[in-house]
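Q: Quick one, input.cif (mmCIF, C-alpha atoms):
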data_query
#
loop_
_atom_site.label_atom_id
_atom_site.label_comp_id
_atom_site.auth_asym_id
_atom_site.auth_seq_id
_atom_site.Cartn_x
_atom_site.Cartn_y
_atom_site.Cartn_z
CA MET A 4 -6.27 31.04 -8.11
CA THR A 5 -3.88 28.49 -6.66
CA ASP A 6 -4.99 26.80 -3.44
CA LYS A 7 -2.81 24.89 -1.01
CA TYR A 8 -3.78 21.72 0.81
CA LEU A 9 -2.04 19.61 3.40
CA ILE A 10 -2.99 15.93 3.21
CA THR A 11 -2.09 13.76 6.18
CA VAL A 12 -2.11 9.99 5.80
CA LEU A 13 -2.00 7.73 8.87
CA PRO A 14 -2.40 3.99 9.43
CA LYS A 15 -5.92 3.06 10.55
CA ASN A 16 -6.26 2.30 14.27
CA GLU A 17 -6.81 -1.42 13.71
CA VAL A 18 -3.70 -1.74 11.53
CA SER A 19 -0.36 -2.39 13.17
CA ASP A 20 2.23 0.34 12.80
CA PRO A 21 5.65 -1.17 13.56
CA GLN A 22 7.36 2.05 12.51
CA GLY A 23 5.34 4.14 15.00
CA GLU A 24 6.04 1.58 17.73
CA ALA A 25 9.78 1.68 17.08
CA ILE A 26 9.74 5.49 17.25
CA LEU A 27 7.74 5.30 20.49
CA ASP A 28 10.35 2.94 21.99
CA SER A 29 13.04 5.39 21.01
CA ALA A 30 11.13 8.33 22.55
CA HIS A 31 10.81 6.38 25.80
CA ALA A 32 14.52 5.56 25.73
CA LEU A 33 15.29 9.26 25.25
CA GLY A 34 13.43 10.13 28.48
CA TYR A 35 9.89 10.86 27.31
CA PRO A 36 7.95 8.16 29.22
CA GLU A 37 4.79 10.30 29.17
CA ILE A 38 4.31 9.78 25.44
CA ARG A 39 1.61 7.15 25.17
CA SER A 40 1.53 6.40 21.48
CA ILE A 41 3.01 7.40 18.16
CA ARG A 42 1.49 6.60 14.77
CA ALA A 43 3.76 7.22 11.81
CA GLY A 44 2.38 8.39 8.48
CA ARG A 45 3.07 10.70 5.56
CA SER A 46 2.00 14.15 4.56
CA PHE A 47 1.66 15.82 1.19
CA LEU A 48 1.56 19.51 0.37
CA ILE A 49 -0.44 20.11 -2.79
CA GLU A 50 -0.91 23.26 -4.81
CA THR A 51 -3.79 23.17 -7.25
CA ASP A 52 -5.71 25.43 -9.60
CA GLY A 53 -8.65 23.03 -9.80
CA ASP A 54 -11.72 21.85 -7.94
CA PRO A 55 -10.93 21.17 -4.24
CA ASN A 56 -13.12 18.02 -4.33
CA ARG A 57 -10.56 16.47 -6.60
CA ILE A 58 -8.00 16.63 -3.78
CA ALA A 59 -10.02 14.16 -1.71
CA GLU A 60 -10.46 12.04 -4.82
CA ILE A 61 -6.73 11.77 -5.56
CA SER A 62 -6.01 11.21 -1.85
CA ASP A 63 -8.35 8.22 -1.85
CA LYS A 64 -7.11 6.92 -5.19
CA LEU A 65 -3.36 7.43 -4.89
CA LEU A 66 -1.96 9.10 -1.77
CA ALA A 67 -3.58 6.75 0.74
CA ASN A 68 -4.46 3.07 0.57
CA PRO A 69 -7.94 3.10 2.15
CA ILE A 70 -7.62 -0.56 3.12
CA VAL A 71 -4.96 0.26 5.72
CA GLU A 72 -4.80 4.06 5.90
CA ARG A 73 -7.01 7.07 6.57
CA PHE A 74 -6.40 10.58 5.36
CA GLU A 75 -7.34 14.13 6.24
CA VAL A 76 -7.37 17.09 3.86
CA LYS A 77 -6.72 20.52 5.32
CA ALA A 78 -6.99 23.74 3.29
CA LEU A 79 -4.13 26.10 4.08
CA MET B 6 3.18 -22.07 -23.39
CA ARG B 7 3.76 -18.36 -23.84
CA PHE B 8 4.67 -16.40 -20.70
CA ALA B 9 5.02 -12.62 -20.31
CA VAL B 10 7.29 -11.26 -17.60
CA VAL B 11 6.33 -7.63 -17.01
CA VAL B 12 9.23 -5.26 -16.38
CA PHE B 13 8.65 -2.05 -14.41
CA PRO B 14 11.33 0.54 -13.72
CA GLY B 15 12.90 -0.92 -10.57
CA SER B 16 11.91 -4.56 -11.13
CA ASN B 17 14.89 -6.72 -10.23
CA CYS B 18 13.65 -10.31 -10.37
CA ASP B 19 12.54 -10.16 -14.00
CA LYS B 20 15.68 -11.87 -15.30
CA ASP B 21 15.37 -14.58 -12.65
CA CYS B 22 11.77 -15.25 -13.74
CA VAL B 23 12.81 -15.37 -17.41
CA ARG B 24 15.63 -17.79 -16.60
CA ALA B 25 13.38 -20.04 -14.52
CA LEU B 26 10.63 -20.14 -17.13
CA ARG B 27 12.78 -20.30 -20.27
CA ASP B 28 15.90 -22.21 -19.25
CA VAL B 29 14.50 -24.46 -16.53
CA MET B 30 10.87 -24.94 -17.55
CA GLY B 31 11.48 -24.70 -21.30
CA GLN B 32 8.72 -22.18 -21.98
CA ASP B 33 8.41 -19.41 -24.53
CA VAL B 34 9.01 -16.19 -22.54
CA ALA B 35 8.93 -12.51 -23.46
CA GLU B 36 9.83 -9.53 -21.30
CA VAL B 37 7.12 -6.90 -21.57
CA TRP B 38 7.89 -3.27 -20.67
CA HIS B 39 5.36 -1.50 -18.45
CA THR B 40 4.36 0.98 -21.16
CA GLU B 41 2.93 -1.79 -23.38
CA THR B 42 -0.85 -1.85 -23.67
CA SER B 43 -1.59 -5.42 -24.74
CA LEU B 44 -0.89 -8.92 -23.49
CA SER B 45 -2.81 -10.73 -26.19
CA GLY B 46 -1.18 -13.96 -27.27
CA PHE B 47 0.15 -14.73 -23.80
CA ASP B 48 -1.14 -17.65 -21.73
CA ALA B 49 0.29 -16.43 -18.46
CA VAL B 50 1.68 -13.20 -17.03
CA VAL B 51 4.25 -12.88 -14.26
CA LEU B 52 4.65 -9.68 -12.25
CA PRO B 53 8.15 -10.09 -10.82
CA GLY B 54 9.71 -8.89 -7.60
CA GLY B 55 11.79 -5.79 -7.11
CA PHE B 56 11.22 -2.18 -6.19
CA SER B 57 8.97 -0.82 -8.94
CA TYR B 58 9.19 2.97 -9.04
CA GLY B 59 11.62 2.84 -6.13
CA ASP B 60 8.80 1.73 -3.79
CA TYR B 61 7.89 5.44 -3.66
CA LEU B 62 4.61 6.30 -1.92
CA ARG B 63 3.79 2.64 -1.11
CA CYS B 64 5.12 -0.58 -2.63
CA GLY B 65 3.26 -1.13 -5.88
CA ALA B 66 1.18 2.05 -5.58
CA ILE B 67 2.60 3.75 -8.65
CA ALA B 68 3.12 0.62 -10.78
CA ARG B 69 -0.58 -0.04 -10.33
CA PHE B 70 -1.37 2.90 -12.63
CA SER B 71 1.08 1.93 -15.38
CA LYS B 72 -0.33 1.16 -18.83
CA ILE B 73 0.43 -2.54 -18.71
CA MET B 74 -1.78 -3.02 -15.64
CA ARG B 75 -4.93 -2.40 -17.68
CA ALA B 76 -3.77 -5.20 -19.98
CA VAL B 77 -3.04 -7.42 -16.95
CA LYS B 78 -6.61 -6.90 -15.76
CA GLU B 79 -8.02 -7.68 -19.22
CA HIS B 80 -5.83 -10.79 -19.40
CA ALA B 81 -7.15 -11.92 -16.00
CA ASP B 82 -10.76 -11.14 -17.00
CA ARG B 83 -10.28 -13.40 -20.05
CA GLY B 84 -9.26 -16.18 -17.64
CA GLY B 85 -5.51 -15.93 -18.29
CA LEU B 86 -3.13 -16.81 -15.47
CA VAL B 87 -1.44 -14.07 -13.46
CA LEU B 88 1.32 -14.75 -10.93
CA GLY B 89 2.52 -11.84 -8.78
CA ILE B 90 5.69 -12.51 -6.82
CA CYS B 91 6.77 -10.24 -3.95
CA ASN B 92 6.58 -6.73 -5.43
CA GLY B 93 4.27 -8.28 -8.04
CA PHE B 94 1.95 -9.35 -5.18
CA GLN B 95 2.13 -5.82 -3.76
CA ILE B 96 1.13 -4.42 -7.17
CA LEU B 97 -1.82 -6.84 -7.42
CA VAL B 98 -3.23 -5.78 -4.03
CA GLU B 99 -2.72 -2.09 -4.81
CA ALA B 100 -4.56 -2.68 -8.11
CA HIS B 101 -7.39 -4.43 -6.19
CA LEU B 102 -6.97 -7.55 -8.29
CA LEU B 103 -6.39 -9.27 -4.94
CA PRO B 104 -7.87 -8.19 -1.57
CA GLY B 105 -6.01 -6.81 1.45
CA ALA B 106 -2.74 -4.91 1.69
CA LEU B 107 0.94 -5.57 2.31
CA ILE B 108 2.50 -3.40 4.99
CA ARG B 109 5.83 -3.09 6.78
CA ASN B 110 7.09 -6.32 8.40
CA ARG B 111 6.15 -6.54 12.06
CA SER B 112 9.87 -6.64 12.96
CA LEU B 113 10.67 -3.63 10.73
CA LYS B 114 13.49 -5.80 9.35
CA PHE B 115 14.04 -6.70 5.73
CA MET B 116 13.76 -10.49 5.77
CA CYS B 117 15.97 -12.38 3.35
CA ARG B 118 16.04 -16.11 4.04
CA PRO B 119 14.52 -19.42 2.99
CA VAL B 120 11.23 -20.26 4.72
CA TRP B 121 8.90 -23.22 4.79
CA LEU B 122 5.43 -22.83 3.38
CA LYS B 123 2.44 -25.08 3.66
CA ARG B 124 0.23 -25.52 0.65
CA GLU B 125 -3.36 -24.95 1.73
CA ARG B 126 -4.91 -25.74 -1.66
CA ARG B 127 -3.99 -28.83 -3.63
CA ASP B 128 -6.40 -28.24 -6.47
CA SER B 129 -5.66 -24.68 -7.59
CA LEU B 130 -4.19 -23.89 -11.00
CA PHE B 131 -0.95 -22.85 -9.30
CA THR B 132 -0.59 -25.50 -6.60
CA ALA B 133 -1.73 -28.81 -8.09
CA ARG B 134 1.79 -30.20 -8.55
CA GLY B 135 4.35 -30.98 -5.87
CA GLU B 136 4.10 -31.62 -2.18
CA ASP B 137 2.41 -29.95 0.78
CA PHE B 138 5.51 -28.28 2.19
CA LEU B 139 7.77 -26.04 0.10
CA ARG B 140 10.99 -24.31 0.98
CA LEU B 141 11.26 -20.99 -0.86
CA PRO B 142 13.26 -17.82 -0.25
CA ILE B 143 11.62 -14.63 0.96
CA ALA B 144 13.21 -11.21 0.48
CA HIS B 145 10.99 -8.35 1.57
CA GLY B 146 10.56 -5.43 3.93
CA GLU B 147 6.83 -4.97 3.32
CA GLY B 148 5.35 -8.44 3.35
CA GLN B 149 2.99 -8.32 6.30
CA TYR B 150 -0.33 -9.29 4.77
CA PHE B 151 -3.24 -7.36 6.26
CA ILE B 152 -6.94 -7.94 5.76
CA ASP B 153 -9.83 -7.17 8.11
CA ALA B 154 -11.57 -9.98 10.04
CA GLU B 155 -14.46 -10.22 7.59
CA GLY B 156 -12.13 -10.33 4.60
CA TYR B 157 -10.03 -13.03 6.26
CA ARG B 158 -13.09 -15.19 6.93
CA LYS B 159 -14.10 -14.82 3.30
CA LEU B 160 -10.63 -15.91 2.12
CA GLU B 161 -10.82 -18.96 4.39
CA ASP B 162 -14.41 -19.85 3.48
CA GLU B 163 -13.69 -19.58 -0.23
CA GLY B 164 -10.45 -21.57 0.03
CA ARG B 165 -8.40 -18.72 -1.34
CA ILE B 166 -5.42 -19.00 0.98
CA ALA B 167 -2.86 -20.76 -1.20
CA TYR B 168 0.12 -20.81 1.18
CA ARG B 169 0.83 -20.12 4.83
CA TYR B 170 4.21 -19.82 6.55
CA GLU B 171 4.50 -23.20 8.25
CA ALA B 172 7.26 -25.79 8.55
CA PRO B 173 6.77 -29.54 8.22
CA PRO B 174 6.34 -31.41 11.52
CA GLY B 175 9.65 -31.72 13.37
CA ILE B 176 11.29 -28.73 11.72
CA GLU B 177 11.61 -25.51 13.68
CA GLN B 178 10.79 -22.20 12.11
CA ALA B 179 9.93 -18.80 13.56
CA GLU B 180 6.17 -18.90 13.46
CA ASN B 181 5.48 -15.88 11.34
CA PRO B 182 8.32 -14.12 9.55
CA ASN B 183 6.51 -10.85 8.89
CA GLY B 184 3.40 -10.75 11.08
CA SER B 185 0.90 -11.59 8.31
CA VAL B 186 -2.72 -12.18 9.29
CA GLY B 187 -3.24 -15.95 9.46
CA ARG B 188 0.45 -16.46 8.50
CA ILE B 189 -0.65 -15.86 4.92
CA ALA B 190 2.12 -16.12 2.34
CA GLY B 191 -0.01 -16.30 -0.82
CA ILE B 192 -3.64 -15.84 -1.87
CA LEU B 193 -5.85 -16.46 -4.88
CA ASN B 194 -8.54 -14.30 -6.45
CA ALA B 195 -12.14 -15.52 -6.42
CA LYS B 196 -11.85 -17.03 -9.90
CA GLY B 197 -8.61 -18.78 -8.99
CA ASN B 198 -6.57 -17.53 -11.95
CA ILE B 199 -4.51 -14.94 -10.04
CA LEU B 200 -1.98 -15.91 -7.36
CA GLY B 201 -0.06 -13.35 -5.33
CA MET B 202 2.73 -14.57 -3.05
CA MET B 203 5.63 -13.01 -1.14
CA PRO B 204 8.10 -15.94 -1.45
CA HIS B 205 10.11 -16.31 -4.64
CA PRO B 206 9.54 -19.57 -6.57
CA GLU B 207 11.82 -18.39 -9.39
CA ARG B 208 14.76 -18.38 -6.96
CA ALA B 209 14.23 -22.04 -6.09
CA CYS B 210 14.24 -23.72 -9.49
CA GLU B 211 17.88 -24.80 -9.76
CA GLU B 212 20.07 -26.72 -7.34
CA PHE B 213 22.83 -24.13 -7.22
CA THR B 214 20.64 -21.42 -5.66
CA GLY B 215 20.07 -23.27 -2.41
CA GLY B 216 19.66 -26.94 -3.11
CA VAL B 217 15.87 -27.14 -3.35
CA THR B 218 13.83 -26.78 -6.50
CA HIS B 219 10.37 -26.55 -4.97
CA GLY B 220 9.71 -23.35 -6.92
CA ARG B 221 9.31 -25.47 -10.03
CA TRP B 222 6.11 -26.97 -8.63
CA ILE B 223 4.27 -23.69 -9.06
CA PHE B 224 5.40 -23.25 -12.67
CA GLU B 225 4.73 -26.95 -13.38
CA SER B 226 1.19 -26.53 -12.06
CA MET B 227 0.57 -23.50 -14.29
CA ILE B 228 2.00 -25.27 -17.35
CA ALA B 229 0.00 -28.45 -16.66
CA HIS B 230 -3.19 -26.41 -16.41
CA LEU B 231 -2.48 -24.48 -19.60
CA THR B 232 -1.54 -27.66 -21.46
CA GLY B 233 -4.78 -29.32 -20.37
CA GLU B 234 -6.77 -26.27 -21.39
CA ARG B 235 -5.14 -26.19 -24.82
CA ALA B 236 -5.77 -29.91 -25.34
CA ALA B 237 -9.43 -29.45 -24.37
CA ARG B 238 -9.77 -26.57 -26.85
CA ALA B 239 -8.12 -28.63 -29.59
CA GLY B 240 -10.51 -31.49 -28.75
CA ILE B 241 -13.53 -29.22 -29.15
CA ALA B 242 -12.16 -27.81 -32.41
CA ALA B 243 -11.57 -31.31 -33.75
#
Once you've parsed the file, please lay out its structure as structure tokens.

A:
Amino acid sequence: MTDKYLITVLPKNEVSDPQGEAILDSAHALGYPEIRSIRAGRSFLIETDGDPNRIAEISDKLLANPIVERFEVKAL
Amino acid sequence: MRFAVVVFPGSNCDKDCVRALRDVMGQDVAEVWHTETSLSGFDAVVLPGGFSYGDYLRCGAIARFSKIMRAVKEHADRGGLVLGICNGFQILVEAHLLPGALIRNRSLKFMCRPVWLKRERRDSLFTARGEDFLRLPIAHGEGQYFIDAEGYRKLEDEGRIAYRYEAPPGIEQAENPNGSVGRIAGILNAKGNILGMMPHPERACEEFTGGVTHGRWIFESMIAHLTGERAARAGIAA
């Protein structure tokens, strides 16, 4: 059976995220001063016929760089 | 000496590296496609700048898994020299041959300009020749070097910071072009035979590309080391 997973990759808290900051500035300029922070990342939608543990493995190995990013795997 | 310049799909400084090494430095140079599996017979390997695999996913993240990278690791394990320039540096950190990561410039801008660097190590295989301040071009969007506090201390304690962005006294320069931790522009591995750097020495080897030829110092250092090594081996054999 084919399973679907959504993998979200975000910069770690201690790593600067100039992209997120630029988007935050833009949100403020557009009249959303209440938004306190934006972190920009990437997401991946994966369909697999294999072992779900291997999704975390490939996320750690390829999709995210664990030195600067963290990831979350969500089964859909 | 025999140099390999590795070519990935999307490399765009490979020809510049070949020209600098062959035409300026007079070395024997071969371009090696990323699907090759061996680097035996080469004294030094250069991973050039560019946008390998279109910079998809993260810069260097896909090139890291190409066949040639296993050979690059074996070459480094044998003590061979590896120089990663710009995208080549990004590939080396993604491959964990060097610590840390290279992320988007603090300014979000692609920086393309000459910068001053200060040599922090005078005795490394890559930095022994030349002077303490070098003017080399940078051209990158993802050159902000990141490493955690513990990793940074280790780099400092072990003398593995090769270059920092810093101008000679009396010359003004924006303090940190990309936001790198410790203004790091280039680092060495623990064994000292791998150098990764964001600035481009191959673009500063001939007068007509900007008037300074400080890039030659890095290649001269590598060649001097390799020549000395070969002479020592010949001495032992004799």

Q: For Ser45 in chain B, which residue out of B:Glu180, B:Glu125, B:Glu79, B:Asp162 is the nearest one, using only C-alpha atoms?

A: B:Glu79

Q: What lies within 12 Å of Gly44 in chain A using only C-alpha atoms, ignoring chain neighbours under 5 positions off, as a count of residues only?

A: 21

Q: Pull out every residue of chain B that has at least one atom within 9 Å of chain A, counting all atoms listed in the file, and report them as a PyMOL selection string.

A: chain B and resi 62-63+66-67+99+104-113+151-153

Q: What residues come out when you apply the PyMOL selection byres ((chain A and resi 41) around 6) to this file, written as a list in words?

A: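 Listing what the PyMOL selection byres ((chain A and resi 41) around 6) selects in the shown file: Gly23, Leu27, Ser40 and Arg42 of chain A.
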
Q: Deliver the residues from the most recent selection as a file, using C-alpha atoms, as a CSV table (one decimal), in the frame of the given file.

A:
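After the write, again-v8.csv holds the following:
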chain,number,residue,atom,x,y,z
A,23,GLY,CA,5.3,4.1,15.0
A,27,LEU,CA,7.7,5.3,20.5
A,40,SER,CA,1.5,6.4,21.5
A,42,ARG,CA,1.5,6.6,14.8

Q: Evaluate the PyMOL selection byres ((chain B and resi 49-57) around 7) here and jot the selected residues down as number ranges by chain.

A: B: 7-11, 13-19, 22, 47-48, 58-60, 65, 68, 85-93

Q: One number please: CA of Ala25 in chain B to CA of Ala81 in chain B, in Å, one decimal.

A: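 Rounded to one decimal, the two atoms are 22.1 Å apart.
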
Q: Using all atoms listed in the file, list the residues that have an atom at most 7 Å from (6.2, -22.0, -21.4), coordinates as in the file, as a PyMOL selection string.

A: chain B and resi 6-8+26-27+30-34+228

Q: So what do you get for CA of Lys78 in chain B versus CA of Ile143 in chain B, distance-wise?

A: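 About the pair CA of Lys78 in chain B and CA of Ile143 in chain B: they are 25.9 Å apart.
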
Q: Generate the coordinates of N, CA and C atoms for range 21-48 of chain B; report them as an mmCIF file, in the frame of the given file.

A:
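The resulting file, selection26.cif, is reproduced below:
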data_model
loop_
_atom_site.group_PDB
_atom_site.id
_atom_site.type_symbol
_atom_site.label_atom_id
_atom_site.label_comp_id
_atom_site.auth_asym_id
_atom_site.auth_seq_id
_atom_site.Cartn_x
_atom_site.Cartn_y
_atom_site.Cartn_z
ATOM 1 N N ASP B 21 15.460 -13.292 -13.350
ATOM 2 C CA ASP B 21 15.370 -14.580 -12.650
ATOM 3 C C ASP B 21 14.127 -15.342 -13.121
ATOM 4 N N CYS B 22 13.014 -14.601 -13.283
ATOM 5 C CA CYS B 22 11.770 -15.250 -13.740
ATOM 6 C C CYS B 22 11.941 -15.762 -15.168
ATOM 7 N N VAL B 23 12.587 -14.953 -16.019
ATOM 8 C CA VAL B 23 12.810 -15.370 -17.410
ATOM 9 C C VAL B 23 13.670 -16.634 -17.423
ATOM 10 N N ARG B 24 14.734 -16.624 -16.632
ATOM 11 C CA ARG B 24 15.630 -17.790 -16.600
ATOM 12 C C ARG B 24 14.888 -19.042 -16.124
ATOM 13 N N ALA B 25 14.106 -18.881 -15.051
ATOM 14 C CA ALA B 25 13.380 -20.040 -14.520
ATOM 15 C C ALA B 25 12.405 -20.588 -15.555
ATOM 16 N N LEU B 26 11.676 -19.692 -16.197
ATOM 17 C CA LEU B 26 10.630 -20.140 -17.130
ATOM 18 C C LEU B 26 11.211 -20.649 -18.446
ATOM 19 N N ARG B 27 12.225 -19.946 -18.957
ATOM 20 C CA ARG B 27 12.780 -20.300 -20.270
ATOM 21 C C ARG B 27 13.793 -21.446 -20.150
ATOM 22 N N ASP B 28 14.783 -21.258 -19.293
ATOM 23 C CA ASP B 28 15.900 -22.210 -19.250
ATOM 24 C C ASP B 28 15.566 -23.471 -18.446
ATOM 25 N N VAL B 29 14.799 -23.295 -17.371
ATOM 26 C CA VAL B 29 14.500 -24.460 -16.530
ATOM 27 C C VAL B 29 13.214 -25.149 -16.995
ATOM 28 N N MET B 30 12.175 -24.343 -17.229
ATOM 29 C CA MET B 30 10.870 -24.940 -17.550
ATOM 30 C C MET B 30 10.660 -25.099 -19.061
ATOM 31 N N GLY B 31 11.554 -24.521 -19.853
ATOM 32 C CA GLY B 31 11.480 -24.700 -21.300
ATOM 33 C C GLY B 31 10.303 -24.007 -21.977
ATOM 34 N N GLN B 32 9.874 -22.892 -21.415
ATOM 35 C CA GLN B 32 8.720 -22.180 -21.980
ATOM 36 C C GLN B 32 9.163 -21.035 -22.888
ATOM 37 N N ASP B 33 8.200 -20.553 -23.659
ATOM 38 C CA ASP B 33 8.410 -19.410 -24.530
ATOM 39 C C ASP B 33 8.144 -18.155 -23.679
ATOM 40 N N VAL B 34 9.154 -17.314 -23.489
ATOM 41 C CA VAL B 34 9.010 -16.190 -22.540
ATOM 42 C C VAL B 34 9.373 -14.872 -23.219
ATOM 43 N N ALA B 35 8.582 -13.844 -22.980
ATOM 44 C CA ALA B 35 8.930 -12.510 -23.460
ATOM 45 C C ALA B 35 8.896 -11.535 -22.294
ATOM 46 N N GLU B 36 9.863 -10.611 -22.290
ATOM 47 C CA GLU B 36 9.830 -9.530 -21.300
ATOM 48 C C GLU B 36 8.973 -8.421 -21.876
ATOM 49 N N VAL B 37 8.054 -7.913 -21.080
ATOM 50 C CA VAL B 37 7.120 -6.900 -21.570
ATOM 51 C C VAL B 37 7.290 -5.638 -20.721
ATOM 52 N N TRP B 38 7.664 -4.551 -21.366
ATOM 53 C CA TRP B 38 7.890 -3.270 -20.670
ATOM 54 C C TRP B 38 6.560 -2.686 -20.205
ATOM 55 N N HIS B 39 6.598 -1.971 -19.100
ATOM 56 C CA HIS B 39 5.360 -1.500 -18.450
ATOM 57 C C HIS B 39 4.536 -0.524 -19.276
ATOM 58 N N THR B 40 5.125 0.023 -20.340
ATOM 59 C CA THR B 40 4.360 0.980 -21.160
ATOM 60 C C THR B 40 3.543 0.278 -22.247
ATOM 61 N N GLU B 41 3.710 -1.043 -22.373
ATOM 62 C CA GLU B 41 2.930 -1.790 -23.380
ATOM 63 C C GLU B 41 1.452 -1.795 -22.972
ATOM 64 N N THR B 42 0.585 -1.945 -23.966
ATOM 65 C CA THR B 42 -0.850 -1.850 -23.670
ATOM 66 C C THR B 42 -1.597 -3.166 -23.937
ATOM 67 N N SER B 43 -0.886 -4.172 -24.433
ATOM 68 C CA SER B 43 -1.590 -5.420 -24.740
ATOM 69 C C SER B 43 -0.787 -6.633 -24.280
ATOM 70 N N LEU B 44 -1.516 -7.649 -23.851
ATOM 71 C CA LEU B 44 -0.890 -8.920 -23.490
ATOM 72 C C LEU B 44 -1.540 -10.052 -24.284
ATOM 73 N N SER B 45 -2.134 -9.685 -25.428
ATOM 74 C CA SER B 45 -2.810 -10.730 -26.190
ATOM 75 C C SER B 45 -1.769 -11.689 -26.759
ATOM 76 N N GLY B 46 -2.111 -12.942 -26.798
ATOM 77 C CA GLY B 46 -1.180 -13.960 -27.270
ATOM 78 C C GLY B 46 -0.414 -14.642 -26.145
ATOM 79 N N PHE B 47 -0.540 -14.107 -24.935
ATOM 80 C CA PHE B 47 0.150 -14.730 -23.800
ATOM 81 C C PHE B 47 -0.825 -15.617 -23.011
ATOM 82 N N ASP B 48 -0.320 -16.762 -22.553
ATOM 83 C CA ASP B 48 -1.140 -17.650 -21.730
ATOM 84 C C ASP B 48 -1.065 -17.260 -20.264
#
